[in-house]
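**Q** If you scroll down you'll find the structure; I have some questions about it.
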Amino acid sequence: MPKHETVRRVGHTPERMFDLVADVEKYPEFVPMCEALTVRSRKQRDDVTVLVAAMTVGYKAIRETFTTQVVLRPQERRIDVKYLDGPFRYLENRWRFEPAGEGGCDVHFFIEYEFRSRILATLMGAMFDRAFRMFAEAFERRADAVYGKPASVG
């Protein structure tokens with residue numbers, strides 16, 4: 001099963017990075033291969049927000065839409081994504097944002113997935129793997145564009 005895990009130190013606060021990743025409606029503007037994203041439902045209980053979102057991804061002539069449940073836990077600075085429906089047999093995605101001195105944070109990104117179809121895995125697998133490896137970097141660039149480029153972070 002393809003899996004990618006990374007930790008990136010960025011010059012933005014954990015709260016700002018959490019807010020950026022939690023703003024899923026903006027993903028088509030900057031996330032690799034994301035062509036559309038629709039939030040189908042949004043529920044809040046205490047400090048936890050649960051979204052059901054449908055994302056359409058594309059590469060060349062191939063388009064696939066999948067649905068996930070996105071659980072936003074701002075107090076824990078954590079976002080958990082659970083797969084509901086679409087072209088995958090399995091998909092799990094987690095984000096964590098930990099303070100890292102001087103107003104920066106460590107962004108922990110984890111994704112593991114498996115396509116339902118071998119044909120789709122063959123056609124899109126390498127591109128998905130490349131796109132997922134660029135995710136954390138895409139969010140860092142987006143943070144710099146939205147919040148301003150910070151001074152270097154150690």
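Here's how to read the names in the structure tokens: chain A, B, ... by the order shown, residue numbers from 1 in each chain, ligand numbers from 1 in the order shown.
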Fewer than 6 positions away in the same chain doesn't count, so skip those; otherwise give me all residues within 9 Å of Phe18 of chain A, counting only C-alpha atoms, as number ranges by chain.

**A** A: 72, 74, 77-79, 95-97

**Q** What's around Arg141 of chain A at 12 Å? Count only C-alpha atoms, leave out sequence neighbours fewer than 3 positions away in its own chain, and write the answer as a ChimeraX atom specification.

**A** /A:8,10-12,17,20,29-31,134-138,144-150

**Q** Would you kindly return, as number ranges by chain, each protein, DNA or RNA residue with an atom no farther than 6 Å from any atom of Ile111 of chain A, considering only C-alpha atoms and excluding same-chain residues fewer than 2 positions away?

**A** A: 3-4, 92-93

**Q** When distances are computed from only C-alpha atoms, which of A:Glu102, A:Leu120, A:Glu114, A:Thr13 shows the smallest separation from Glu64 of chain A?

**A** A:Leu120

**Q** Please determine, counting only C-alpha atoms, which residue among A:Ala100, A:Val57, A:Leu91, A:Met124 has the shortest atom-to-atom distance to Tyr27 of chain A.

**A** A:Val57

**Q** So which one's closest to Pro32 of chain A, A:Arg16, A:Arg133, A:Arg89, A:Arg63? Using only C-alpha atoms, please.

**A** A:Arg133

**Q** So what do you get for atom CA of Thr122 of chain A versus atom CA of Lys26 of chain A, distance-wise?

**A** 28.7 Å

**Q** Point out the residue among A:Phe88, A:Ile62, A:Glu15, A:Thr49 with the least atom-to-atom distance to Arg118 of chain A, counting only C-alpha atoms.

**A**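 Smallest separation from Arg118 of chain A among the options: A:Phe88.
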
**Q** Hey, which of A:Ala36, A:Ala61, A:Val48, A:Ala53 ends up closest to Gln75 of chain A? Count only C-alpha atoms.

**A**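 Among the listed residues, A:Val48 lies closest to Gln75 of chain A.
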